[in-house]
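Here's protein-v6.cif, which has mmCIF, C-alpha atoms:
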data_work
loop_
_atom_site.label_atom_id
_atom_site.label_comp_id
_atom_site.auth_asym_id
_atom_site.auth_seq_id
_atom_site.Cartn_x
_atom_site.Cartn_y
_atom_site.Cartn_z
CA MET A 1 23.10 13.90 -17.39
CA LEU A 2 24.30 12.22 -14.21
CA GLN A 3 22.27 14.64 -12.11
CA LEU A 4 19.19 13.94 -14.24
CA VAL A 5 19.60 10.19 -13.77
CA LEU A 6 20.12 10.65 -10.03
CA PHE A 7 17.02 12.85 -9.89
CA ASN A 8 14.91 10.18 -11.57
CA VAL A 9 16.37 7.35 -9.51
CA THR A 10 15.45 9.31 -6.39
CA ASN A 11 11.93 9.81 -7.74
CA GLY A 12 11.78 6.12 -8.57
CA LEU A 13 12.72 5.12 -5.04
CA ILE A 14 10.08 7.45 -3.62
CA ILE A 15 7.39 6.13 -5.94
CA GLY A 16 8.61 2.59 -5.35
CA ALA A 17 8.30 3.13 -1.60
CA PHE A 18 4.62 4.05 -2.06
CA TYR A 19 4.16 0.99 -4.27
CA VAL A 20 5.76 -1.15 -1.55
CA LEU A 21 3.46 0.07 1.22
CA MET A 22 0.41 -0.34 -0.99
CA ALA A 23 1.46 -3.73 -2.34
CA LEU A 24 2.35 -5.16 1.07
CA GLY A 25 -1.07 -4.21 2.40
CA VAL A 26 -2.85 -5.68 -0.62
CA ALA A 27 -0.70 -8.82 -0.43
CA MET A 28 -1.39 -9.42 3.26
CA ILE A 29 -5.14 -9.31 2.67
CA LEU A 30 -4.89 -11.41 -0.48
CA ASN A 31 -2.59 -14.04 1.02
CA LEU A 32 -4.72 -14.75 4.10
CA SER A 33 -8.27 -13.98 2.98
CA ASN A 34 -8.05 -14.50 -0.80
CA VAL A 35 -9.66 -11.08 -1.31
CA ILE A 36 -8.39 -8.68 -3.94
CA ASN A 37 -9.09 -5.33 -2.30
CA PHE A 38 -9.93 -2.85 -5.05
CA ALA A 39 -10.74 -0.25 -2.38
CA HIS A 40 -7.17 -0.22 -1.04
CA GLY A 41 -6.25 2.98 -2.87
CA ASN A 42 -9.26 4.72 -1.39
CA PHE A 43 -8.14 3.83 2.12
CA LEU A 44 -4.86 5.51 1.17
CA ALA A 45 -6.74 8.69 0.27
CA LEU A 46 -8.70 8.44 3.52
CA GLY A 47 -5.44 8.36 5.49
CA GLY A 48 -4.24 11.51 3.76
CA TYR A 49 -7.49 13.37 4.40
CA PHE A 50 -7.55 12.33 8.05
CA ALA A 51 -4.05 13.76 8.41
CA PHE A 52 -5.24 16.96 6.74
CA VAL A 53 -8.04 17.32 9.31
CA LEU A 54 -5.79 16.48 12.28
CA THR A 55 -2.75 18.58 11.36
CA PRO A 56 -4.17 21.96 12.54
CA TYR A 57 -4.84 20.44 15.98
CA ILE A 58 -1.95 18.06 16.65
CA GLY A 59 0.55 19.00 13.95
CA PHE A 60 1.98 16.91 11.15
CA TRP A 61 3.85 14.59 13.50
CA GLY A 62 0.75 13.85 15.52
CA ALA A 63 -1.31 13.32 12.37
CA LEU A 64 1.31 10.88 11.06
CA ILE A 65 0.92 8.83 14.23
CA VAL A 66 -2.87 9.05 14.63
CA ALA A 67 -4.29 9.00 11.07
CA PRO A 68 -3.13 5.51 9.94
CA PRO A 69 -4.58 3.72 13.01
CA LEU A 70 -7.88 5.56 12.49
CA VAL A 71 -8.01 4.26 8.92
CA ALA A 72 -7.12 0.78 10.21
CA VAL A 73 -10.03 0.90 12.68
CA ILE A 74 -12.41 1.80 9.85
CA GLY A 75 -10.97 -1.06 7.80
CA TYR A 76 -11.43 -3.43 10.75
CA PHE A 77 -15.13 -2.64 11.07
CA ILE A 78 -15.69 -2.74 7.30
CA GLU A 79 -14.12 -6.21 7.26
CA ARG A 80 -16.36 -7.38 10.09
CA VAL A 81 -19.55 -5.92 8.64
CA MET A 82 -19.01 -6.47 4.91
CA ILE A 83 -15.91 -8.31 3.74
CA ARG A 84 -16.20 -11.41 5.93
CA ARG A 85 -19.63 -12.17 4.47
CA VAL A 86 -18.10 -13.09 1.10
CA TYR A 87 -15.14 -15.20 2.25
CA ASN A 88 -16.78 -18.54 1.48
CA ARG A 89 -18.39 -17.44 -1.75
CA ASP A 90 -17.16 -17.25 -5.31
CA PRO A 91 -14.24 -14.77 -5.55
CA VAL A 92 -16.26 -12.60 -7.91
CA TYR A 93 -18.37 -11.51 -4.93
CA SER A 94 -15.36 -10.03 -3.13
CA LEU A 95 -14.24 -8.35 -6.35
CA LEU A 96 -17.63 -6.70 -6.85
CA LEU A 97 -17.92 -5.77 -3.16
CA THR A 98 -14.54 -4.04 -2.92
CA PHE A 99 -15.05 -2.44 -6.34
CA GLY A 100 -18.29 -0.89 -5.12
CA LEU A 101 -16.69 0.04 -1.80
CA ALA A 102 -13.99 1.91 -3.70
CA PHE A 103 -16.60 4.15 -5.34
CA ILE A 104 -18.37 4.73 -2.01
CA LEU A 105 -15.15 5.82 -0.26
CA GLN A 106 -14.08 7.96 -3.21
CA ASP A 107 -17.42 9.76 -3.39
CA ALA A 108 -17.42 10.22 0.40
CA CYS A 109 -14.02 11.94 0.20
CA ARG A 110 -15.21 14.07 -2.71
CA TYR A 111 -18.39 15.05 -0.85
CA ILE A 112 -16.66 15.91 2.45
CA TRP A 113 -13.45 17.55 1.21
CA GLY A 114 -14.37 18.56 -2.34
CA PRO A 115 -13.14 17.41 -5.75
CA THR A 116 -10.18 19.81 -5.95
CA GLY A 117 -6.73 19.13 -4.58
CA LEU A 118 -5.74 20.10 -1.05
CA PRO A 119 -2.24 20.60 0.37
CA LEU A 120 -0.99 18.65 3.38
CA THR A 121 1.44 20.92 5.17
CA VAL A 122 4.72 19.36 6.25
CA PRO A 123 7.26 20.92 8.64
CA ALA A 124 9.35 23.61 6.95
CA SER A 125 12.53 21.96 8.21
CA LEU A 126 11.82 18.99 5.93
CA SER A 127 11.15 21.03 2.80
CA ARG A 128 14.70 22.13 2.10
CA GLY A 129 17.15 20.29 -0.13
CA ILE A 130 20.19 18.71 1.47
CA SER A 131 22.51 20.81 -0.75
CA SER A 132 22.44 23.21 -3.69
CA GLU A 133 23.57 20.45 -6.07
CA LEU A 134 21.14 17.86 -4.69
CA PHE A 135 18.25 20.27 -4.24
CA PHE A 136 15.76 17.60 -5.32
CA ILE A 137 16.67 15.37 -2.35
CA THR A 138 14.73 17.13 0.37
CA GLY A 139 14.58 16.29 4.02
CA TYR A 140 10.99 15.15 3.56
CA ARG A 141 11.98 12.65 0.89
CA LEU A 142 14.67 11.19 3.13
CA PHE A 143 12.17 11.15 5.97
CA MET A 144 9.64 9.26 3.83
CA MET A 145 12.20 6.64 2.87
CA ALA A 146 13.17 6.23 6.53
CA ILE A 147 9.53 5.82 7.61
CA VAL A 148 8.86 3.27 4.87
CA ALA A 149 12.00 1.33 5.83
CA ILE A 150 10.95 1.35 9.49
CA ALA A 151 7.39 0.29 8.62
CA VAL A 152 8.54 -2.58 6.39
CA THR A 153 11.12 -3.76 8.93
CA GLY A 154 8.51 -3.57 11.68
CA LEU A 155 6.02 -5.55 9.59
CA PHE A 156 8.50 -8.33 8.85
CA ALA A 157 9.59 -8.43 12.51
CA PHE A 158 5.94 -8.61 13.59
CA LEU A 159 5.23 -11.49 11.23
CA ARG A 160 8.34 -13.37 12.30
CA TYR A 161 8.60 -12.85 16.04
CA THR A 162 5.09 -12.29 17.43
CA ARG A 163 2.45 -14.94 18.09
CA MET A 164 -0.16 -13.15 16.00
CA GLY A 165 2.32 -12.70 13.16
CA VAL A 166 3.22 -16.39 13.17
CA ARG A 167 -0.47 -17.26 13.08
CA ILE A 168 -0.98 -14.99 10.08
CA ARG A 169 1.95 -16.62 8.27
CA ALA A 170 0.60 -20.07 9.09
CA GLY A 171 -2.86 -19.07 7.93
CA THR A 172 -1.55 -18.02 4.52
CA LEU A 173 -0.26 -21.57 4.07
CA ASP A 174 -3.12 -23.61 5.55
CA LEU A 175 -5.99 -21.73 7.13
CA ASP A 176 -8.02 -24.88 7.77
CA THR A 177 -5.27 -26.39 9.91
CA VAL A 178 -4.90 -23.12 11.82
CA ALA A 179 -8.64 -23.19 12.55
CA ALA A 180 -8.45 -26.85 13.61
CA LEU A 181 -5.83 -25.89 16.21
CA GLY A 182 -8.40 -23.69 17.95
CA ILE A 183 -7.29 -20.29 16.65
CA ASN A 184 -10.05 -17.76 16.03
CA VAL A 185 -9.76 -17.43 12.26
CA ARG A 186 -12.36 -14.66 12.06
CA LEU A 187 -10.40 -12.48 14.47
CA LEU A 188 -7.17 -13.35 12.67
CA ARG A 189 -8.58 -12.24 9.34
CA SER A 190 -10.01 -9.04 10.82
CA PHE A 191 -6.72 -8.11 12.44
CA ASN A 192 -4.77 -8.95 9.28
CA PHE A 193 -7.14 -6.80 7.21
CA ALA A 194 -6.64 -3.90 9.62
CA VAL A 195 -2.85 -4.21 9.36
CA GLY A 196 -3.07 -4.10 5.57
CA ILE A 197 -5.29 -1.01 5.74
CA TYR A 198 -2.91 0.61 8.23
CA LEU A 199 -0.15 0.42 5.61
CA ALA A 200 -2.47 2.10 3.09
CA GLY A 201 -3.27 4.85 5.60
CA LEU A 202 0.42 5.42 6.32
CA ALA A 203 1.14 5.63 2.60
CA GLY A 204 -1.69 8.17 2.28
CA VAL A 205 -0.21 10.51 4.89
CA LEU A 206 3.26 10.32 3.34
CA ALA A 207 1.93 10.72 -0.20
CA GLY A 208 -0.24 13.66 0.85
CA GLY A 209 2.81 15.54 2.08
CA GLN A 210 4.59 14.88 -1.22
CA ILE A 211 1.94 15.22 -3.94
CA GLY A 212 -1.06 16.73 -2.13
CA LEU A 213 -4.54 15.32 -1.63
CA ASN A 214 -7.36 14.52 -4.01
CA PRO A 215 -10.13 11.88 -3.97
CA ASN A 216 -8.46 9.89 -6.78
CA MET A 217 -4.92 9.92 -5.37
CA GLY A 218 -4.90 6.20 -4.58
CA ASP A 219 -6.02 5.11 -8.04
CA ASP A 220 -2.63 5.79 -9.64
CA LEU A 221 -0.90 3.61 -7.02
CA LEU A 222 -3.32 0.69 -6.91
CA MET A 223 -2.59 -0.96 -10.27
CA PRO A 224 1.21 -0.74 -9.83
CA ALA A 225 0.71 -2.31 -6.39
CA PHE A 226 -0.99 -5.31 -8.02
CA ILE A 227 1.79 -5.48 -10.59
CA ALA A 228 4.39 -5.41 -7.80
CA ILE A 229 2.69 -8.44 -6.24
CA ILE A 230 2.69 -10.32 -9.55
CA VAL A 231 6.31 -9.43 -10.34
CA GLY A 232 7.53 -10.29 -6.84
CA GLY A 233 5.43 -13.43 -6.57
CA VAL A 234 1.96 -13.96 -5.11
CA GLY A 235 2.36 -15.20 -1.55
CA SER A 236 5.80 -13.67 -1.00
CA LEU A 237 5.95 -10.40 0.96
CA THR A 238 9.70 -10.19 0.32
CA GLY A 239 9.03 -10.55 -3.39
CA THR A 240 6.36 -7.86 -3.16
CA LEU A 241 8.91 -5.53 -1.57
CA LEU A 242 11.39 -6.25 -4.36
CA GLY A 243 8.73 -5.90 -7.07
CA GLY A 244 7.57 -2.50 -5.79
CA LEU A 245 11.07 -1.03 -5.75
CA LEU A 246 11.91 -2.59 -9.13
CA ILE A 247 8.97 -1.15 -11.04
CA GLY A 248 9.32 2.22 -9.31
CA VAL A 249 12.97 2.66 -10.29
CA ALA A 250 12.41 1.19 -13.77
CA SER A 251 9.56 3.61 -14.44
CA ALA A 252 11.63 6.59 -13.29
CA LEU A 253 14.69 5.64 -15.34
CA THR A 254 12.54 5.11 -18.41
CA THR A 255 11.44 8.74 -18.06
CA VAL A 256 15.04 9.83 -18.79
CA PHE A 257 15.37 8.00 -22.10
CA PHE A 258 11.80 7.19 -23.25
CA PRO A 259 9.34 9.48 -21.43
CA SER A 260 6.34 8.20 -23.35
CA ALA A 261 6.97 4.66 -22.08
CA GLN A 262 7.02 5.64 -18.41
CA GLU A 263 3.81 3.79 -17.56
CA ALA A 264 4.13 1.05 -20.17
CA VAL A 265 7.44 -0.22 -18.82
CA ILE A 266 5.91 -1.65 -15.64
CA TYR A 267 3.52 -3.74 -17.73
CA VAL A 268 6.41 -4.87 -19.91
CA ILE A 269 8.30 -5.97 -16.78
CA MET A 270 5.23 -7.86 -15.59
CA ALA A 271 4.81 -9.59 -18.96
CA VAL A 272 8.48 -10.62 -19.09
CA VAL A 273 8.41 -11.99 -15.54
CA VAL A 274 5.17 -13.90 -16.13
CA LEU A 275 6.53 -15.42 -19.35
CA ILE A 276 9.91 -16.43 -17.89
CA ARG A 277 8.90 -17.20 -14.30
CA PRO A 278 5.09 -17.42 -13.97
CA ARG A 279 5.19 -17.64 -10.16
CA GLY A 280 7.08 -14.34 -9.90
CA LEU A 281 10.60 -13.55 -8.80
CA MET A 282 10.20 -15.02 -5.31
CA GLY A 283 6.83 -16.75 -5.45
CA GLU A 284 6.42 -20.42 -4.64
CA GLU A 285 5.36 -22.97 -7.22
CA GLY A 286 1.59 -23.37 -7.17
CA MET A 287 1.08 -20.55 -4.65
CA LEU A 288 -2.26 -18.97 -5.47
CA THR A 289 -3.16 -17.31 -2.17
#
Turn this file's structure into structure tokens for me.
Amino acid sequence: MLQLVLFNVTNGLIIGAFYVLMALGVAMILNLSNVINFAHGNFLALGGYFAFVLTPYIGFWGALIVAPPLVAVIGYFIERVMIRRVYNRDPVYSLLLTFGLAFILQDACRYIWGPTGLPLTVPASLSRGISSELFFITGYRLFMMAIVAIAVTGLFAFLRYTRMGVRIRAGTLDLDTVAALGINVRLLRSFNFAVGIYLAGLAGVLAGGQIGLNPNMGDDLLMPAFIAIIVGGVGSLTGTLLGGLLIGVASALTTVFFPSAQEAVIYVIMAVVVLIRPRGLMGEEGMLT
């Protein structure tokens, strides 16, 4: 029984790590630009497919380094060409735009790489379990957790200690004042959007090595990412981090005792948090963006 619980906790942390990367990217775009990016999961799939194409030429390690920035560049240009045109309009325009963009990216992946699943090969040295008793804790799973930890730490350090990061944080609080100080808000939003998409691309490469690739692979992670933001608190990246790990572990543990409630439990957690603390675990009072 203990091994079963440990197995599911490990799975929960892995799934929670994917939720965290997805949710942090969604939250960064939402907090600064007030855009709910329904296409975020499709950028995740794009990152995985780019890694699949690059791996035969530069190996898995090279693909891990190159694929996420490529997805971020695509996100940057999409923001400049499409997303920025709806910033000053009713929020329903951005919802409809990103919803349509999600279908375009999904169909593009299906057309180019086919509707069936594809494997993303990872180094054989990472595929082995750390011991015969803990066979389910593979080197790749530990590697994924390490990469996610490094990415999250790097993101928080960037936002805290760099000039661009400080400007992004200030913009989430009062974008008009930031613009009045002479900062190029358009460039700030474009860069912030690209950073959020980079996190989705990174999650896509890591997820591809764990569960394989298919055009719909990001859909299962998108809604939990939104829930992680709500549970953690809209406007709080630290809360988003906590919310992603919480719902991931809770969902995995529920599988041990009530398998049929595996997906329902994250919505129950969201409902309880919203009822008891509407602003989320670490959200600020009245924080809507």
With only C-alpha atoms as the atoms that count, which of A:Met164, A:Val231, A:Leu222, A:Val195 lies nearest to Phe38 (chain A)?
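When distances to Phe38 (chain A) are compared using only C-alpha atoms, the smallest one comes from A:Leu222.
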Once you count only C-alpha atoms, what closest atom pair and distance in Å to one decimal does each residue of region 116-181 of chain A within 9 Å of region 57-66 of chain A have, with rows by chain and rising residue number, as a Markdown table?
| residue | atom | partner | partner_atom | distance |
| --- | --- | --- | --- | --- |
| A:Leu120 | CA | A:Phe60 | CA | 8.5 |
| A:Thr121 | CA | A:Phe60 | CA | 7.2 |
| A:Val122 | CA | A:Phe60 | CA | 6.1 |
| A:Pro123 | CA | A:Phe60 | CA | 7.1 |
Could you check which residues have any atom within 12 Å of (-4.4, 4.7, -9.6), counting only C-alpha atoms with coordinates taken straight from the file, and then list them as a count of residues only?
26
One decimal, in Å: what's the spacing between CA of Ile230 (chain A) and CA of Leu188 (chain A)?
24.5 Å
Distance of CA of Ser33 (chain A) from CA of Ser94 (chain A), expressed in Å to one decimal place
10.2 Å
Expand the PyMOL selection byres ((chain A and resi 139) around 9) into the individual residues it matches in the shown file, reporting them as a list of chain:residue names.
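Matching residues under the PyMOL selection byres ((chain A and resi 139) around 9) are A:Ser125, A:Leu126, A:Ser127, A:Arg128, A:Gly129, A:Ile130, A:Ile137, A:Thr138, A:Tyr140, A:Arg141, A:Leu142, A:Phe143, A:Met144.
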Record the distance separating CA of Gly154 (chain A) and CA of Leu199 (chain A), expressed in Å with one decimal.
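Rounded to one decimal, the two atoms are 11.3 Å apart.
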Counting all atoms listed in the file, what is within 10 Å of Ala228 (chain A), bar same-chain residues fewer than 5 positions away, as number ranges by chain?
A: 16, 19-20, 22-24, 27, 222-223, 233-234, 239-248, 266, 269-270, 280
I need the chosen residues saved as a PDB file, keeping the file's coordinate frame, with C-alpha atoms.
ATOM      1  CA  GLY A  16       8.610   2.590  -5.350  1.00  0.00           C
ATOM      2  CA  TYR A  19       4.160   0.990  -4.270  1.00  0.00           C
ATOM      3  CA  VAL A  20       5.760  -1.150  -1.550  1.00  0.00           C
ATOM      4  CA  MET A  22       0.410  -0.340  -0.990  1.00  0.00           C
ATOM      5  CA  ALA A  23       1.460  -3.730  -2.340  1.00  0.00           C
ATOM      6  CA  LEU A  24       2.350  -5.160   1.070  1.00  0.00           C
ATOM      7  CA  ALA A  27      -0.700  -8.820  -0.430  1.00  0.00           C
ATOM      8  CA  LEU A 222      -3.320   0.690  -6.910  1.00  0.00           C
ATOM      9  CA  MET A 223      -2.590  -0.960 -10.270  1.00  0.00           C
ATOM     10  CA  GLY A 233       5.430 -13.430  -6.570  1.00  0.00           C
ATOM     11  CA  VAL A 234       1.960 -13.960  -5.110  1.00  0.00           C
ATOM     12  CA  GLY A 239       9.030 -10.550  -3.390  1.00  0.00           C
ATOM     13  CA  THR A 240       6.360  -7.860  -3.160  1.00  0.00           C
ATOM     14  CA  LEU A 241       8.910  -5.530  -1.570  1.00  0.00           C
ATOM     15  CA  LEU A 242      11.390  -6.250  -4.360  1.00  0.00           C
ATOM     16  CA  GLY A 243       8.730  -5.900  -7.070  1.00  0.00           C
ATOM     17  CA  GLY A 244       7.570  -2.500  -5.790  1.00  0.00           C
ATOM     18  CA  LEU A 245      11.070  -1.030  -5.750  1.00  0.00           C
ATOM     19  CA  LEU A 246      11.910  -2.590  -9.130  1.00  0.00           C
ATOM     20  CA  ILE A 247       8.970  -1.150 -11.040  1.00  0.00           C
ATOM     21  CA  GLY A 248       9.320   2.220  -9.310  1.00  0.00           C
ATOM     22  CA  ILE A 266       5.910  -1.650 -15.640  1.00  0.00           C
ATOM     23  CA  ILE A 269       8.300  -5.970 -16.780  1.00  0.00           C
ATOM     24  CA  MET A 270       5.230  -7.860 -15.590  1.00  0.00           C
ATOM     25  CA  GLY A 280       7.080 -14.340  -9.900  1.00  0.00           C
TER      26      GLY A 280
END
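Minimum distance to Val205 (chain A) across A:Ala124, A:Ile78, A:Val148, A:Ala108 (counting all atoms listed in the file) occurs at A:Val148.
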Given the PyMOL selection byres ((chain A and resi 190) around 12), the residues it picks as a VMD selection string
chain A and resid 28 to 29 32 to 33 72 to 85 87 164 168 184 to 189 191 to 197
Let me know the centre plus edge lengths, in Å and rounded to one decimal, of a box with edges along x, y and z that contains all listed atoms of region 12-17 of chain A and is padded by 5 Å on every side, as AutoDock Vina command-line options.
--center_x 10.1 --center_y 5.0 --center_z -5.1 --size_x 15.3 --size_y 14.9 --size_z 17.0
So which one's closest to Gly48 (chain A), A:Ala207, A:Leu237, A:Ala252, A:Val265? Using only C-alpha atoms, please.
A:Ala207
With distances taken over all atoms listed in the file, which of A:Leu101, A:Leu202, A:Ala51, A:Ala151 is nearest to Asn37 (chain A)?
A:Leu101
Pick the closest to Met145 (chain A) from A:Ile104, A:Gly232, A:Pro56, A:Gln210: which is it, counting all atoms listed in the file?
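Among A:Ile104, A:Gly232, A:Pro56, A:Gln210, it is A:Gln210 that comes nearest to Met145 (chain A).
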Restricting the calculation to all atoms listed in the file: of A:Leu213, A:Ile36, A:Val71, A:Leu54, which residue gets closest to Val86 (chain A)?
A:Ile36
